[in-house]
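Colleague: If it helps, the file is called entry.pdb and holds PDB, C-alpha atoms:
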ATOM      1  CA  MET E   1     -33.879 -10.410 -19.945
ATOM      2  CA  GLY E   2     -30.203  -9.638 -20.406
ATOM      3  CA  LEU E   3     -28.712 -10.686 -23.727
ATOM      4  CA  VAL E   4     -24.927 -10.582 -23.722
ATOM      5  CA  GLY E   5     -23.276  -9.360 -26.913
ATOM      6  CA  GLN E   6     -19.590  -9.718 -27.729
ATOM      7  CA  MET E   7     -17.430  -9.037 -24.637
ATOM      8  CA  PRO E   8     -13.733  -9.221 -23.837
ATOM      9  CA  SER E   9     -14.508 -11.679 -20.998
ATOM     10  CA  GLY E  10     -17.295 -13.303 -19.005
ATOM     11  CA  PRO E  11     -19.997 -15.925 -19.487
ATOM     12  CA  GLY E  12     -23.225 -15.903 -21.463
ATOM     13  CA  ILE E  13     -22.060 -14.334 -24.718
ATOM     14  CA  ILE E  14     -24.377 -15.095 -27.637
ATOM     15  CA  SER E  15     -24.380 -13.977 -31.247
ATOM     16  CA  ASP E  16     -26.322 -10.942 -32.417
ATOM     17  CA  GLN E  17     -28.408 -13.303 -34.560
ATOM     18  CA  GLN E  18     -29.391 -15.270 -31.444
ATOM     19  CA  ILE E  19     -30.218 -12.034 -29.631
ATOM     20  CA  LEU E  20     -32.472 -10.947 -32.497
ATOM     21  CA  GLU E  21     -34.203 -14.342 -32.563
ATOM     22  CA  ILE E  22     -34.920 -14.036 -28.830
ATOM     23  CA  THR E  23     -36.116 -10.419 -28.973
ATOM     24  CA  THR E  24     -38.504 -11.140 -31.840
ATOM     25  CA  SER E  25     -39.953 -14.239 -30.147
ATOM     26  CA  LEU E  26     -40.768 -12.684 -26.759
ATOM     27  CA  PRO E  27     -44.050 -10.982 -25.894
ATOM     28  CA  PRO E  28     -43.823  -7.164 -25.923
ATOM     29  CA  MET E  29     -44.153  -6.838 -22.139
ATOM     30  CA  VAL E  30     -40.802  -8.591 -21.588
ATOM     31  CA  SER E  31     -37.977  -6.086 -21.372
ATOM     32  CA  THR E  32     -34.845  -7.108 -23.242
ATOM     33  CA  PHE E  33     -31.409  -5.707 -22.479
ATOM     34  CA  LEU E  34     -28.557  -5.668 -24.971
ATOM     35  CA  LEU E  35     -25.351  -5.875 -22.933
ATOM     36  CA  THR E  36     -22.810  -4.122 -25.100
ATOM     37  CA  SER E  37     -19.139  -3.427 -24.499
ATOM     38  CA  GLU E  38     -19.064  -0.852 -27.301
ATOM     39  CA  THR E  39     -18.090   2.626 -26.108
ATOM     40  CA  GLN E  40     -18.523   4.821 -29.168
ATOM     41  CA  PRO E  41     -22.028   6.116 -29.939
ATOM     42  CA  LYS E  42     -22.130   4.953 -33.562
ATOM     43  CA  ALA E  43     -20.928   1.471 -32.597
ATOM     44  CA  ILE E  44     -23.504   1.224 -29.779
ATOM     45  CA  ILE E  45     -26.314   2.402 -32.065
ATOM     46  CA  ASP E  46     -25.236   0.067 -34.881
ATOM     47  CA  HIS E  47     -25.071  -2.843 -32.429
ATOM     48  CA  TYR E  48     -28.553  -2.021 -31.151
ATOM     49  CA  LYS E  49     -29.993  -1.837 -34.682
ATOM     50  CA  GLN E  50     -28.892  -5.428 -35.276
ATOM     51  CA  VAL E  51     -30.833  -6.774 -32.285
ATOM     52  CA  ASN E  52     -33.717  -4.377 -31.444
ATOM     53  CA  THR E  53     -33.866  -4.770 -27.678
ATOM     54  CA  SER E  54     -35.922  -2.457 -25.474
ATOM     55  CA  THR E  55     -32.875  -1.412 -23.441
ATOM     56  CA  ILE E  56     -29.170  -0.842 -24.028
ATOM     57  CA  GLN E  57     -26.974  -1.801 -21.085
ATOM     58  CA  ILE E  58     -23.548  -0.224 -21.466
ATOM     59  CA  VAL E  59     -21.038  -2.311 -19.529
ATOM     60  CA  ASP E  60     -17.979  -0.100 -19.988
ATOM     61  CA  GLN E  61     -17.362   3.583 -19.250
ATOM     62  CA  VAL E  62     -18.405   6.110 -21.876
ATOM     63  CA  GLU E  63     -18.228   9.879 -22.229
ATOM     64  CA  THR E  64     -21.462  11.640 -21.212
ATOM     65  CA  ASN E  65     -22.049  12.917 -24.763
ATOM     66  CA  VAL E  66     -22.585   9.275 -25.811
ATOM     67  CA  TYR E  67     -25.910   9.130 -23.947
ATOM     68  CA  GLU E  68     -27.223  12.215 -25.758
ATOM     69  CA  GLN E  69     -26.263  10.785 -29.127
ATOM     70  CA  ILE E  70     -27.999   7.490 -28.330
ATOM     71  CA  ARG E  71     -31.134   9.310 -27.126
ATOM     72  CA  ASN E  72     -31.229  11.480 -30.261
ATOM     73  CA  GLU E  73     -30.980   8.444 -32.531
ATOM     74  CA  LEU E  74     -33.029   5.989 -30.425
ATOM     75  CA  PRO E  75     -35.452   8.026 -28.257
ATOM     76  CA  HIS E  76     -37.625   4.974 -27.496
ATOM     77  CA  VAL E  77     -34.769   2.904 -26.040
ATOM     78  CA  LYS E  78     -33.914   2.876 -22.326
ATOM     79  CA  ILE E  79     -30.279   3.208 -21.249
ATOM     80  CA  VAL E  80     -28.712   1.390 -18.296
ATOM     81  CA  GLN E  81     -25.129   2.200 -17.360
ATOM     82  CA  VAL E  82     -23.047  -0.353 -15.480
ATOM     83  CA  ILE E  83     -20.854   1.042 -12.721
ATOM     84  CA  HIS E  84     -18.187  -1.354 -11.514
ATOM     85  CA  VAL E  85     -18.002  -0.712  -7.781
ATOM     86  CA  LEU E  86     -14.284  -0.759  -7.125
ATOM     87  CA  ASN E  87     -13.901   1.855  -4.382
ATOM     88  CA  SER E  88     -15.397   5.096  -3.047
ATOM     89  CA  LYS E  89     -14.734   6.826  -6.405
ATOM     90  CA  SER E  90     -17.501   4.642  -7.817
ATOM     91  CA  VAL E  91     -20.046   6.635  -5.786
ATOM     92  CA  GLN E  92     -19.148   9.873  -7.551
ATOM     93  CA  GLN E  93     -19.035   8.095 -10.895
ATOM     94  CA  ALA E  94     -22.627   6.909 -10.364
ATOM     95  CA  ILE E  95     -23.771  10.366  -9.272
ATOM     96  CA  ASP E  96     -22.163  11.915 -12.364
ATOM     97  CA  VAL E  97     -23.765   9.475 -14.805
ATOM     98  CA  SER E  98     -27.228   9.332 -13.206
ATOM     99  CA  PRO E  99     -28.769  12.360 -14.998
ATOM    100  CA  TYR E 100     -28.098  10.733 -18.378
ATOM    101  CA  VAL E 101     -29.483   7.221 -17.879
ATOM    102  CA  ASP E 102     -32.695   5.442 -16.934
ATOM    103  CA  ALA E 103     -31.019   3.105 -14.437
ATOM    104  CA  ILE E 104     -27.622   2.163 -13.044
ATOM    105  CA  LEU E 105     -26.470  -1.405 -12.608
ATOM    106  CA  LEU E 106     -23.855  -1.858  -9.877
ATOM    107  CA  ASP E 107     -21.496  -4.733 -10.615
ATOM    108  CA  SER E 108     -18.158  -6.206  -9.538
ATOM    109  CA  GLY E 109     -16.130  -6.162 -12.724
ATOM    110  CA  ASN E 110     -12.900  -4.304 -13.285
ATOM    111  CA  PRO E 111     -12.587  -2.329 -16.532
ATOM    112  CA  ASN E 112      -9.038  -1.289 -15.583
ATOM    113  CA  LEU E 113      -7.471  -4.718 -16.145
ATOM    114  CA  PRO E 114      -5.540  -5.543 -19.355
ATOM    115  CA  THR E 115      -8.452  -7.822 -20.327
ATOM    116  CA  LYS E 116     -11.428  -5.871 -19.057
ATOM    117  CA  GLU E 117     -13.792  -7.649 -16.672
ATOM    118  CA  LEU E 118     -17.188  -6.208 -17.577
ATOM    119  CA  GLY E 119     -19.449  -8.635 -15.722
ATOM    120  CA  GLY E 120     -20.042 -12.245 -14.834
ATOM    121  CA  THR E 121     -17.206 -12.401 -12.302
ATOM    122  CA  GLY E 122     -19.214 -14.006  -9.508
ATOM    123  CA  ARG E 123     -17.576 -11.611  -7.042
ATOM    124  CA  ILE E 124     -19.382  -9.521  -4.443
ATOM    125  CA  HIS E 125     -18.406  -5.878  -4.117
ATOM    126  CA  ASN E 126     -18.842  -3.530  -1.153
ATOM    127  CA  TRP E 127     -22.623  -3.346  -0.677
ATOM    128  CA  ASP E 128     -22.200  -0.353   1.641
ATOM    129  CA  LEU E 129     -20.983   1.615  -1.388
ATOM    130  CA  SER E 130     -23.937   0.331  -3.409
ATOM    131  CA  LYS E 131     -26.323   1.438  -0.676
ATOM    132  CA  THR E 132     -24.714   4.893  -0.646
ATOM    133  CA  ILE E 133     -25.108   5.134  -4.410
ATOM    134  CA  ARG E 134     -28.774   4.115  -4.191
ATOM    135  CA  MET E 135     -29.373   6.844  -1.627
ATOM    136  CA  LYS E 136     -27.597   9.553  -3.667
ATOM    137  CA  VAL E 137     -29.057   9.049  -7.155
ATOM    138  CA  ASP E 138     -32.543   9.586  -8.543
ATOM    139  CA  VAL E 139     -32.613   6.644 -10.943
ATOM    140  CA  SER E 140     -33.327   2.976 -10.331
ATOM    141  CA  ILE E 141     -30.477   0.836  -9.050
ATOM    142  CA  ILE E 142     -29.984  -2.762 -10.121
ATOM    143  CA  LEU E 143     -27.584  -4.750  -7.966
ATOM    144  CA  ALA E 144     -25.282  -7.367  -9.495
ATOM    145  CA  GLY E 145     -22.039  -9.046  -8.580
ATOM    146  CA  GLY E 146     -21.838 -12.406  -6.847
ATOM    147  CA  ILE E 147     -25.540 -12.543  -6.029
ATOM    148  CA  ASN E 148     -26.764 -16.077  -5.493
ATOM    149  CA  SER E 149     -29.478 -18.023  -3.693
ATOM    150  CA  ASN E 150     -27.520 -17.857  -0.413
ATOM    151  CA  ASN E 151     -27.056 -14.080  -0.265
ATOM    152  CA  VAL E 152     -29.812 -12.488  -2.368
ATOM    153  CA  LYS E 153     -32.095 -11.754   0.604
ATOM    154  CA  GLN E 154     -29.221 -10.103   2.473
ATOM    155  CA  ALA E 155     -28.306  -8.086  -0.630
ATOM    156  CA  ILE E 156     -31.877  -6.881  -1.110
ATOM    157  CA  ASP E 157     -32.325  -6.057   2.584
ATOM    158  CA  HIS E 158     -29.045  -4.142   2.754
ATOM    159  CA  VAL E 159     -29.013  -2.199  -0.527
ATOM    160  CA  LYS E 160     -32.762  -2.069  -1.309
ATOM    161  CA  PRO E 161     -32.227  -2.034  -5.076
ATOM    162  CA  PHE E 162     -35.001  -1.785  -7.654
ATOM    163  CA  GLY E 163     -33.879  -5.185  -8.894
ATOM    164  CA  VAL E 164     -31.065  -7.700  -8.931
ATOM    165  CA  ASP E 165     -29.070  -9.111 -11.824
ATOM    166  CA  LEU E 166     -27.348 -12.457 -11.861
ATOM    167  CA  CYS E 167     -25.300 -14.481 -14.277
ATOM    168  CA  SER E 168     -22.533 -16.790 -13.106
ATOM    169  CA  SER E 169     -24.337 -18.027  -9.977
ATOM    170  CA  VAL E 170     -27.046 -19.708 -12.063
ATOM    171  CA  ARG E 171     -24.731 -21.442 -14.520
ATOM    172  CA  THR E 172     -23.085 -24.852 -14.614
ATOM    173  CA  HIS E 173     -20.201 -25.320 -17.046
ATOM    174  CA  GLY E 174     -21.037 -21.935 -18.581
ATOM    175  CA  LYS E 175     -24.680 -22.741 -19.341
ATOM    176  CA  LEU E 176     -27.828 -21.657 -17.526
ATOM    177  CA  ASP E 177     -28.810 -24.264 -14.960
ATOM    178  CA  GLU E 178     -32.560 -24.703 -14.487
ATOM    179  CA  ASN E 179     -32.140 -26.108 -10.957
ATOM    180  CA  LYS E 180     -29.957 -23.179  -9.858
ATOM    181  CA  LEU E 181     -32.487 -20.733 -11.322
ATOM    182  CA  LYS E 182     -35.314 -22.455  -9.471
ATOM    183  CA  LEU E 183     -33.376 -22.425  -6.191
ATOM    184  CA  PHE E 184     -32.568 -18.739  -6.664
ATOM    185  CA  PHE E 185     -36.187 -17.735  -7.170
ATOM    186  CA  GLN E 186     -37.356 -19.920  -4.272
ATOM    187  CA  SER E 187     -34.876 -18.160  -1.992
ATOM    188  CA  ILE E 188     -36.365 -14.708  -2.620
ATOM    189  CA  VAL E 189     -40.012 -15.587  -2.061
TER
END
Show how you would write the structure in this file as structure tokens.

Modeller:
Amino acid sequence: MGLVGQMPSGPGIISDQQILEITTSLPPMVSTFLLTSETQPKAIIDHYKQVNTSTIQIVDQVETNVYEQIRNELPHVKIVQVIHVLNSKSVQQAIDVSPYVDAILLDSGNPNLPTKELGGTGRIHNWDLSKTIRMKVDVSIILAGGINSNNVKQAIDHVKPFGVDLCSSVRTHGKLDENKLKLFFQSIV
């Protein structure tokens, strides 16, 4: 379950207090992901300590030494790095980061804009690049970016990710929509 912390843009942002309430109310077998836009190790670790999720999902680029510092401080926490698939350079970026993380999430944001897009854009990126990344790295790949009930089967068949991530396609007026969620899950059965 992805829990979106403070971000410069995108839907689904909730307070750290709400994240903590959710993480403490779920059964232990449910994995919880803190989506953080922090990029400095101390800030990421401090953010995590406020919410106690099982996984930290870093949605912006960080230096590779950040992963080591997180692992030293929080050895029990999984790390997922988001790679925004913009062009062929994203393949090398994923290869470079893969030894340091437990999984890579491939998304369609753009961290190079004046107001960074770090997820929830509803846009599809080049799935051929995502497939190449999946074939070249030794960690699990999670596919995101414009996935909805109409294209999820095609996305899974083409990229063959470990899992998919969705946000904007299951919302109405910025809130999760139970009917859209139901339709999404019916379309992948």

Colleague: Distance CA of Lys116 (chain E)-CA of His84 (chain E), one decimal place?

Modeller: 11.1 Å

Colleague: Can you pull out the residues contacting His125 (chain E)? Cut-off 8 Å, using all atoms listed in the file, and skip same-chain residues under 2 positions away; I want them as a VMD selection string.

Modeller: chain E and resid 85 to 86 107 to 108 123 127 145 to 146

Colleague: When you count all atoms listed in the file, which of these residues is closest to Ile188 (chain E): E:Glu73, E:Asp157, E:Asp138, E:Asp16?

Modeller: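 Closest residue, counting all atoms listed in the file: E:Asp157.
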
Colleague: Extract, using all atoms listed in the file, all DNA, RNA and protein residues at most 6 Å from Val159 (chain E), discarding same-chain residues fewer than 3 positions from it, and format them as a PyMOL selection string.

Modeller: chain E and resi 131+155-156

Colleague: Got time to write the residues from that selection, C-alpha atoms, as a JSON list (two decimals), in the frame of the given file?

Modeller:
[["chain", "number", "residue", "atom", "x", "y", "z"],
["E", 131, "LYS", "CA", -26.32, 1.44, -0.68],
["E", 155, "ALA", "CA", -28.31, -8.09, -0.63],
["E", 156, "ILE", "CA", -31.88, -6.88, -1.11]]

Colleague: Closest to Gly174 (chain E) among E:Ile147, E:Ile13, E:Ile44, E:Val59, using all atoms listed in the file?

Modeller: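 Counting all atoms listed in the file, the residue closest to Gly174 (chain E) is E:Ile13.
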
Colleague: Compare E:Gln92, E:Ser168, E:Asn148, E:Asn87 by their minimum atom-to-atom distance to Thr121 (chain E), counting only C-alpha atoms, and give me the closest one.

Modeller: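 Smallest distance to Thr121 (chain E) is found for E:Ser168.
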
Colleague: So what do you get for CA of Asn65 (chain E) versus CA of Val97 (chain E), distance-wise?

Modeller: 10.7 Å

Colleague: Hey, can you check how far CA of Ile19 (chain E) sits from CA of Ser31 (chain E)?

Modeller: 12.8 Å

Colleague: Pull out every residue that the PyMOL selection byres ((chain E and resi 64) around 9) matches in the shown coordinates and put them as a list in words.

Modeller: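 On the file shown, the PyMOL selection byres ((chain E and resi 64) around 9) covers Val62, Glu63, Asn65, Val66, Tyr67, Glu68, Asp96, Val97 and Tyr100 of chain E.
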
Colleague: Specify as a PDB file with C-alpha atoms, in the coordinates of the input each residue included when the PyMOL selection byres ((chain E and resi 47) around 10) is applied to this file.

Modeller:
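Dumped everything to out.pdb:
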ATOM      1  CA  GLY E   5     -23.276  -9.360 -26.913  1.00  0.00           C
ATOM      2  CA  GLN E   6     -19.590  -9.718 -27.729  1.00  0.00           C
ATOM      3  CA  ASP E  16     -26.322 -10.942 -32.417  1.00  0.00           C
ATOM      4  CA  LEU E  34     -28.557  -5.668 -24.971  1.00  0.00           C
ATOM      5  CA  LEU E  35     -25.351  -5.875 -22.933  1.00  0.00           C
ATOM      6  CA  THR E  36     -22.810  -4.122 -25.100  1.00  0.00           C
ATOM      7  CA  SER E  37     -19.139  -3.427 -24.499  1.00  0.00           C
ATOM      8  CA  GLU E  38     -19.064  -0.852 -27.301  1.00  0.00           C
ATOM      9  CA  PRO E  41     -22.028   6.116 -29.939  1.00  0.00           C
ATOM     10  CA  LYS E  42     -22.130   4.953 -33.562  1.00  0.00           C
ATOM     11  CA  ALA E  43     -20.928   1.471 -32.597  1.00  0.00           C
ATOM     12  CA  ILE E  44     -23.504   1.224 -29.779  1.00  0.00           C
ATOM     13  CA  ILE E  45     -26.314   2.402 -32.065  1.00  0.00           C
ATOM     14  CA  ASP E  46     -25.236   0.067 -34.881  1.00  0.00           C
ATOM     15  CA  TYR E  48     -28.553  -2.021 -31.151  1.00  0.00           C
ATOM     16  CA  LYS E  49     -29.993  -1.837 -34.682  1.00  0.00           C
ATOM     17  CA  GLN E  50     -28.892  -5.428 -35.276  1.00  0.00           C
ATOM     18  CA  VAL E  51     -30.833  -6.774 -32.285  1.00  0.00           C
ATOM     19  CA  ASN E  52     -33.717  -4.377 -31.444  1.00  0.00           C
ATOM     20  CA  ILE E  56     -29.170  -0.842 -24.028  1.00  0.00           C
TER      21      ILE E  56
END

Colleague: Would you list the residues near (-32.0, 8.7, -13.4) (no more than 7 Å away, in the coordinates of the file, using all atoms listed in the file) as JSON, numbers by chain?

Modeller: {"E": [98, 99, 100, 101, 102, 103, 137, 138, 139, 140]}

Colleague: Pick out the closest residue to Leu105 (chain E) from this set: E:Val91, E:Val30, E:Val164, E:Val152. Count only C-alpha atoms.

Modeller: E:Val164

Colleague: Would you please work out which residue, of E:Asp165, E:Asp177, E:Glu21, E:Asp128, is nearest to Ser90 (chain E) when using all atoms listed in the file?

Modeller: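 Among the listed residues, the smallest separation from Ser90 (chain E) belongs to E:Asp128.
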
Colleague: Write out as an NGL selection string each polymer residue whose atoms come within 8 Å of Val77 (chain E), counting all atoms listed in the file; drop sequence neighbours fewer than 6 positions from it.

Modeller: :E and (53-56 or 71)

Colleague: May I ask which of the residues E:Met135, E:Val170, E:Leu118, E:Ile95 is the closest one to Asn150 (chain E), counting all atoms listed in the file?

Modeller: E:Val170
